[in-house]
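Asker: File follows, input22.pdb with PDB, C-alpha atoms:
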ATOM      1  CA  MET A   1     118.466 115.199  92.982  1.00  0.00           C
ATOM      2  CA  ALA A   2     121.763 115.400  94.901  1.00  0.00           C
ATOM      3  CA  VAL A   3     120.237 113.684  97.930  1.00  0.00           C
ATOM      4  CA  TYR A   4     118.882 110.956  95.661  1.00  0.00           C
ATOM      5  CA  LEU A   5     122.298 110.342  94.074  1.00  0.00           C
ATOM      6  CA  LEU A   6     124.054 110.449  97.445  1.00  0.00           C
ATOM      7  CA  ARG A   7     121.639 107.874  98.837  1.00  0.00           C
ATOM      8  CA  ARG A   8     122.198 105.548  95.880  1.00  0.00           C
ATOM      9  CA  VAL A   9     126.003 105.905  96.039  1.00  0.00           C
ATOM     10  CA  LEU A  10     126.088 105.326  99.803  1.00  0.00           C
ATOM     11  CA  TRP A  11     123.869 102.280  99.443  1.00  0.00           C
ATOM     12  CA  SER A  12     125.998 100.785  96.664  1.00  0.00           C
ATOM     13  CA  PHE A  13     129.420 101.600  98.094  1.00  0.00           C
ATOM     14  CA  GLY A  14     128.498 101.378 101.775  1.00  0.00           C
ATOM     15  CA  PHE A  15     126.202  98.431 102.244  1.00  0.00           C
ATOM     16  CA  PHE A  16     127.115  95.836  99.612  1.00  0.00           C
ATOM     17  CA  PRO A  17     130.924  95.788  99.951  1.00  0.00           C
ATOM     18  CA  VAL A  18     130.708  95.805 103.742  1.00  0.00           C
ATOM     19  CA  PHE A  19     128.063  93.077 103.656  1.00  0.00           C
ATOM     20  CA  PHE A  20     130.212  90.898 101.399  1.00  0.00           C
ATOM     21  CA  ALA A  21     133.308  91.576 103.488  1.00  0.00           C
ATOM     22  CA  PHE A  22     131.572  89.960 106.466  1.00  0.00           C
ATOM     23  CA  TRP A  23     129.273  87.478 104.734  1.00  0.00           C
ATOM     24  CA  ILE A  24     131.774  85.639 102.536  1.00  0.00           C
ATOM     25  CA  PRO A  25     134.282  84.926 105.347  1.00  0.00           C
ATOM     26  CA  LEU A  26     131.425  83.888 107.622  1.00  0.00           C
ATOM     27  CA  VAL A  27     130.168  81.422 105.002  1.00  0.00           C
ATOM     28  CA  LEU A  28     133.685  80.094 104.460  1.00  0.00           C
ATOM     29  CA  ALA A  29     134.002  79.590 108.235  1.00  0.00           C
ATOM     30  CA  GLN A  30     130.730  77.618 108.112  1.00  0.00           C
ATOM     31  CA  PHE A  31     128.965  80.242 110.274  1.00  0.00           C
ATOM     32  CA  ASN A  32     131.278  79.540 113.186  1.00  0.00           C
ATOM     33  CA  PRO A  33     132.494  82.878 114.616  1.00  0.00           C
ATOM     34  CA  VAL A  34     135.280  81.202 116.605  1.00  0.00           C
ATOM     35  CA  VAL A  35     136.827  79.708 113.465  1.00  0.00           C
ATOM     36  CA  LEU A  36     136.304  83.033 111.689  1.00  0.00           C
ATOM     37  CA  SER A  37     138.063  85.020 114.396  1.00  0.00           C
ATOM     38  CA  ASN A  38     140.950  82.528 114.604  1.00  0.00           C
ATOM     39  CA  ASP A  39     141.462  82.736 110.839  1.00  0.00           C
ATOM     40  CA  MET A  40     141.193  86.524 110.802  1.00  0.00           C
ATOM     41  CA  ILE A  41     143.605  86.988 113.724  1.00  0.00           C
ATOM     42  CA  ALA A  42     146.195  84.857 111.926  1.00  0.00           C
ATOM     43  CA  LEU A  43     145.713  86.857 108.705  1.00  0.00           C
ATOM     44  CA  LEU A  44     145.956  90.182 110.549  1.00  0.00           C
ATOM     45  CA  GLN A  45     149.163  89.097 112.316  1.00  0.00           C
ATOM     46  CA  ASP A  46     150.669  88.086 108.977  1.00  0.00           C
ATOM     47  CA  PHE A  47     149.614  91.455 107.537  1.00  0.00           C
ATOM     48  CA  THR A  48     151.220  93.468 110.353  1.00  0.00           C
ATOM     49  CA  ASP A  49     154.420  91.374 110.249  1.00  0.00           C
ATOM     50  CA  SER A  50     154.877  91.794 106.499  1.00  0.00           C
ATOM     51  CA  ASN A  51     156.949  94.471 104.760  1.00  0.00           C
ATOM     52  CA  PRO A  52     155.376  97.834 103.759  1.00  0.00           C
ATOM     53  CA  GLU A  53     155.320  96.940 100.066  1.00  0.00           C
ATOM     54  CA  LEU A  54     153.186  93.861 100.705  1.00  0.00           C
ATOM     55  CA  GLN A  55     150.921  95.866 103.031  1.00  0.00           C
ATOM     56  CA  ALA A  56     150.420  98.525 100.348  1.00  0.00           C
ATOM     57  CA  ASN A  57     149.677  95.837  97.770  1.00  0.00           C
ATOM     58  CA  THR A  58     147.117  94.214 100.080  1.00  0.00           C
ATOM     59  CA  LEU A  59     145.420  97.539 100.842  1.00  0.00           C
ATOM     60  CA  SER A  60     145.247  98.493  97.172  1.00  0.00           C
ATOM     61  CA  THR A  61     143.721  95.096  96.379  1.00  0.00           C
ATOM     62  CA  LEU A  62     141.069  95.638  99.056  1.00  0.00           C
ATOM     63  CA  VAL A  63     140.290  99.143  97.750  1.00  0.00           C
ATOM     64  CA  ILE A  64     139.979  97.850  94.174  1.00  0.00           C
ATOM     65  CA  ALA A  65     137.673  95.045  95.347  1.00  0.00           C
ATOM     66  CA  TRP A  66     135.566  97.504  97.350  1.00  0.00           C
ATOM     67  CA  ALA A  67     135.309  99.933  94.409  1.00  0.00           C
ATOM     68  CA  SER A  68     134.478  97.214  91.885  1.00  0.00           C
ATOM     69  CA  ILE A  69     131.730  95.702  94.046  1.00  0.00           C
ATOM     70  CA  GLY A  70     130.299  99.153  94.767  1.00  0.00           C
ATOM     71  CA  GLY A  71     130.509 100.215  91.118  1.00  0.00           C
ATOM     72  CA  PHE A  72     128.820  97.023  89.952  1.00  0.00           C
ATOM     73  CA  PHE A  73     125.940  97.484  92.360  1.00  0.00           C
ATOM     74  CA  LEU A  74     125.650 101.202  91.544  1.00  0.00           C
ATOM     75  CA  ILE A  75     125.302 100.482  87.824  1.00  0.00           C
ATOM     76  CA  PHE A  76     122.946  97.596  88.525  1.00  0.00           C
ATOM     77  CA  ASP A  77     120.879  99.853  90.802  1.00  0.00           C
ATOM     78  CA  PHE A  78     120.560 102.581  88.172  1.00  0.00           C
ATOM     79  CA  VAL A  79     119.606 100.089  85.469  1.00  0.00           C
ATOM     80  CA  LEU A  80     117.132  98.292  87.696  1.00  0.00           C
ATOM     81  CA  SER A  81     115.368 101.397  89.017  1.00  0.00           C
ATOM     82  CA  PRO A  82     116.132 104.602  87.103  1.00  0.00           C
ATOM     83  CA  PHE A  83     115.432 108.024  88.585  1.00  0.00           C
ATOM     84  CA  ARG A  84     111.834 109.245  88.697  1.00  0.00           C
ATOM     85  CA  SER A  85     110.951 112.593  90.121  1.00  0.00           C
ATOM     86  CA  PRO A  86     108.668 112.582  93.182  1.00  0.00           C
ATOM     87  CA  TYR A  87     106.091 114.580  91.200  1.00  0.00           C
ATOM     88  CA  GLU A  88     106.056 111.972  88.443  1.00  0.00           C
ATOM     89  CA  TYR A  89     105.633 109.219  91.042  1.00  0.00           C
ATOM     90  CA  GLU A  90     102.717 111.021  92.718  1.00  0.00           C
ATOM     91  CA  ALA A  91     101.080 111.662  89.337  1.00  0.00           C
ATOM     92  CA  ASP A  92     101.371 107.960  88.471  1.00  0.00           C
ATOM     93  CA  VAL A  93      99.811 106.956  91.789  1.00  0.00           C
ATOM     94  CA  TYR A  94      96.950 109.414  91.260  1.00  0.00           C
ATOM     95  CA  MET A  95      96.366 108.243  87.680  1.00  0.00           C
ATOM     96  CA  ARG A  96      96.307 104.582  88.715  1.00  0.00           C
ATOM     97  CA  ALA A  97      93.751 105.355  91.392  1.00  0.00           C
ATOM     98  CA  TRP A  98      91.702 107.392  88.910  1.00  0.00           C
ATOM     99  CA  GLU A  99      91.833 104.645  86.267  1.00  0.00           C
ATOM    100  CA  HIS A 100      90.882 101.998  88.815  1.00  0.00           C
ATOM    101  CA  GLN A 101      87.994 104.079  90.148  1.00  0.00           C
ATOM    102  CA  TYR A 102      86.517 104.824  86.731  1.00  0.00           C
ATOM    103  CA  SER A 103      87.217 101.419  85.211  1.00  0.00           C
ATOM    104  CA  THR A 104      85.136  99.790  87.963  1.00  0.00           C
ATOM    105  CA  THR A 105      82.430 102.453  87.480  1.00  0.00           C
ATOM    106  CA  ASP A 106      82.452 101.888  83.706  1.00  0.00           C
ATOM    107  CA  ALA A 107      82.233  98.136  84.179  1.00  0.00           C
ATOM    108  CA  SER A 108      79.212  98.451  86.465  1.00  0.00           C
ATOM    109  CA  LEU A 109      77.499 100.914  84.103  1.00  0.00           C
ATOM    110  CA  SER A 110      78.110  98.836  80.987  1.00  0.00           C
ATOM    111  CA  THR A 111      76.518  95.647  82.333  1.00  0.00           C
ATOM    112  CA  SER A 112      73.194  96.522  80.703  1.00  0.00           C
ATOM    113  CA  PRO A 113      73.489  96.357  76.880  1.00  0.00           C
ATOM    114  CA  THR A 114      70.484  98.660  76.315  1.00  0.00           C
ATOM    115  CA  THR A 115      71.777 101.507  78.454  1.00  0.00           C
ATOM    116  CA  SER A 116      72.321 104.750  76.583  1.00  0.00           C
ATOM    117  CA  PRO A 117      73.934 107.977  77.808  1.00  0.00           C
ATOM    118  CA  SER A 118      70.536 109.644  78.177  1.00  0.00           C
ATOM    119  CA  THR A 119      69.288 106.897  80.501  1.00  0.00           C
ATOM    120  CA  LEU A 120      72.566 106.949  82.376  1.00  0.00           C
ATOM    121  CA  SER A 121      72.321 110.661  83.063  1.00  0.00           C
ATOM    122  CA  SER A 122      68.734 110.347  84.219  1.00  0.00           C
ATOM    123  CA  SER A 123      69.529 107.332  86.408  1.00  0.00           C
ATOM    124  CA  THR A 124      72.601 108.859  88.022  1.00  0.00           C
ATOM    125  CA  GLY A 125      70.956 112.203  88.694  1.00  0.00           C
ATOM    126  CA  SER A 126      73.804 114.271  87.206  1.00  0.00           C
ATOM    127  CA  ASN A 127      75.909 114.405  84.123  1.00  0.00           C
ATOM    128  CA  SER A 128      79.188 114.772  86.056  1.00  0.00           C
ATOM    129  CA  LEU A 129      80.014 111.065  85.811  1.00  0.00           C
ATOM    130  CA  LEU A 130      79.608 111.048  82.044  1.00  0.00           C
ATOM    131  CA  SER A 131      81.754 114.140  81.584  1.00  0.00           C
ATOM    132  CA  LYS A 132      84.630 112.561  83.541  1.00  0.00           C
ATOM    133  CA  THR A 133      84.722 109.217  81.738  1.00  0.00           C
ATOM    134  CA  PRO A 134      85.849 109.302  78.109  1.00  0.00           C
ATOM    135  CA  SER A 135      84.809 105.698  77.470  1.00  0.00           C
ATOM    136  CA  ASN A 136      81.057 106.475  77.599  1.00  0.00           C
ATOM    137  CA  THR A 137      81.016 108.588  74.424  1.00  0.00           C
ATOM    138  CA  ALA A 138      79.731 105.909  72.019  1.00  0.00           C
ATOM    139  CA  GLU A 139      76.123 104.760  72.166  1.00  0.00           C
ATOM    140  CA  VAL A 140      75.207 101.089  72.155  1.00  0.00           C
ATOM    141  CA  PRO A 141      72.782 100.162  69.292  1.00  0.00           C
TER     142      PRO A 141
END
Spell out the structure here as structure tokens.
Answerer:
Amino acid sequence: MAVYLLRRVLWSFGFFPVFFAFWIPLVLAQFNPVVLSNDMIALLQDFTDSNPELQANTLSTLVIAWASIGGFFLIFDFVLSPFRSPYEYEADVYMRAWEHQYSTTDASLSTSPTTSPSTLSSSTGSNSLLSKTPSNTAEVP
């Protein structure tokens, strides 16, 4: 469970804020890396030339933006795909396969309206198929 939560937190706080930090300026520079680098160099020079109070304010703004983007995507991620244990997932996969297998078998067996369970057991050679499928319990008149 801890590995699951760590993976979700790293994805939300690691990928999305970093992606937006590069994607939005690149879009604003019209996908021209030369314009992007010229703009960023000018902003970085202004940042380093400013007083410490302005630098602290800028850094706190960046941290708040990073945390808010990460928090938004973390909540969105948990709402969109809540935790399911690996055992529950494997059981669901097995049950879907089982339902698909026996629903196609039931459909092929129920194509004849005069087929009864006694003729089914004699035609299949064993009663194992009938004991596994709960939908073949009622006889057709």
Asker: Which residue is closest to Pro17 in chain A? Choose from A:Ser85, A:Ser68, A:Thr48, A:Thr58 and count all atoms listed in the file.
Answerer: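 Comparing A:Ser85, A:Ser68, A:Thr48, A:Thr58 against Pro17 in chain A, the winner is A:Ser68.
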Asker: Report the distance between CA of Val3 in chain A and CA of Glu90 in chain A in Å, rounded to one decimal place.
Answerer: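 Distance between the two atoms: 18.5 Å.
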Asker: Rounded to one decimal, what separation in Å do you get between CA of Ala21 in chain A and CA of Ser50 in chain A?
Answerer: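 Separating CA of Ala21 in chain A from CA of Ser50 in chain A is a distance of 21.8 Å.
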Asker: Please identify all polymer residues within 10 Å of range 76-79 of chain A, counting all atoms listed in the file, omitting same-chain residues fewer than 2 positions from it, and present them as a PyMOL selection string.
Answerer: chain A and resi 5+8-9+11-12+70-74+81-83
Asker: I'd like the interatomic distance between CA of Ala56 in chain A and CA of Leu6 in chain A, to a tenth of an Å.
Answerer: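 It comes out at 29.1 Å.
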Asker: So that I can see what lies close to range 37-46 of chain A, please list as JSON, numbers by chain the residues with an atom at most 10 Å from it, counting only C-alpha atoms and leaving out residues fewer than 4 positions away in the same chain.
Answerer: {"A": [25, 26, 29, 32, 33, 50, 51, 55]}
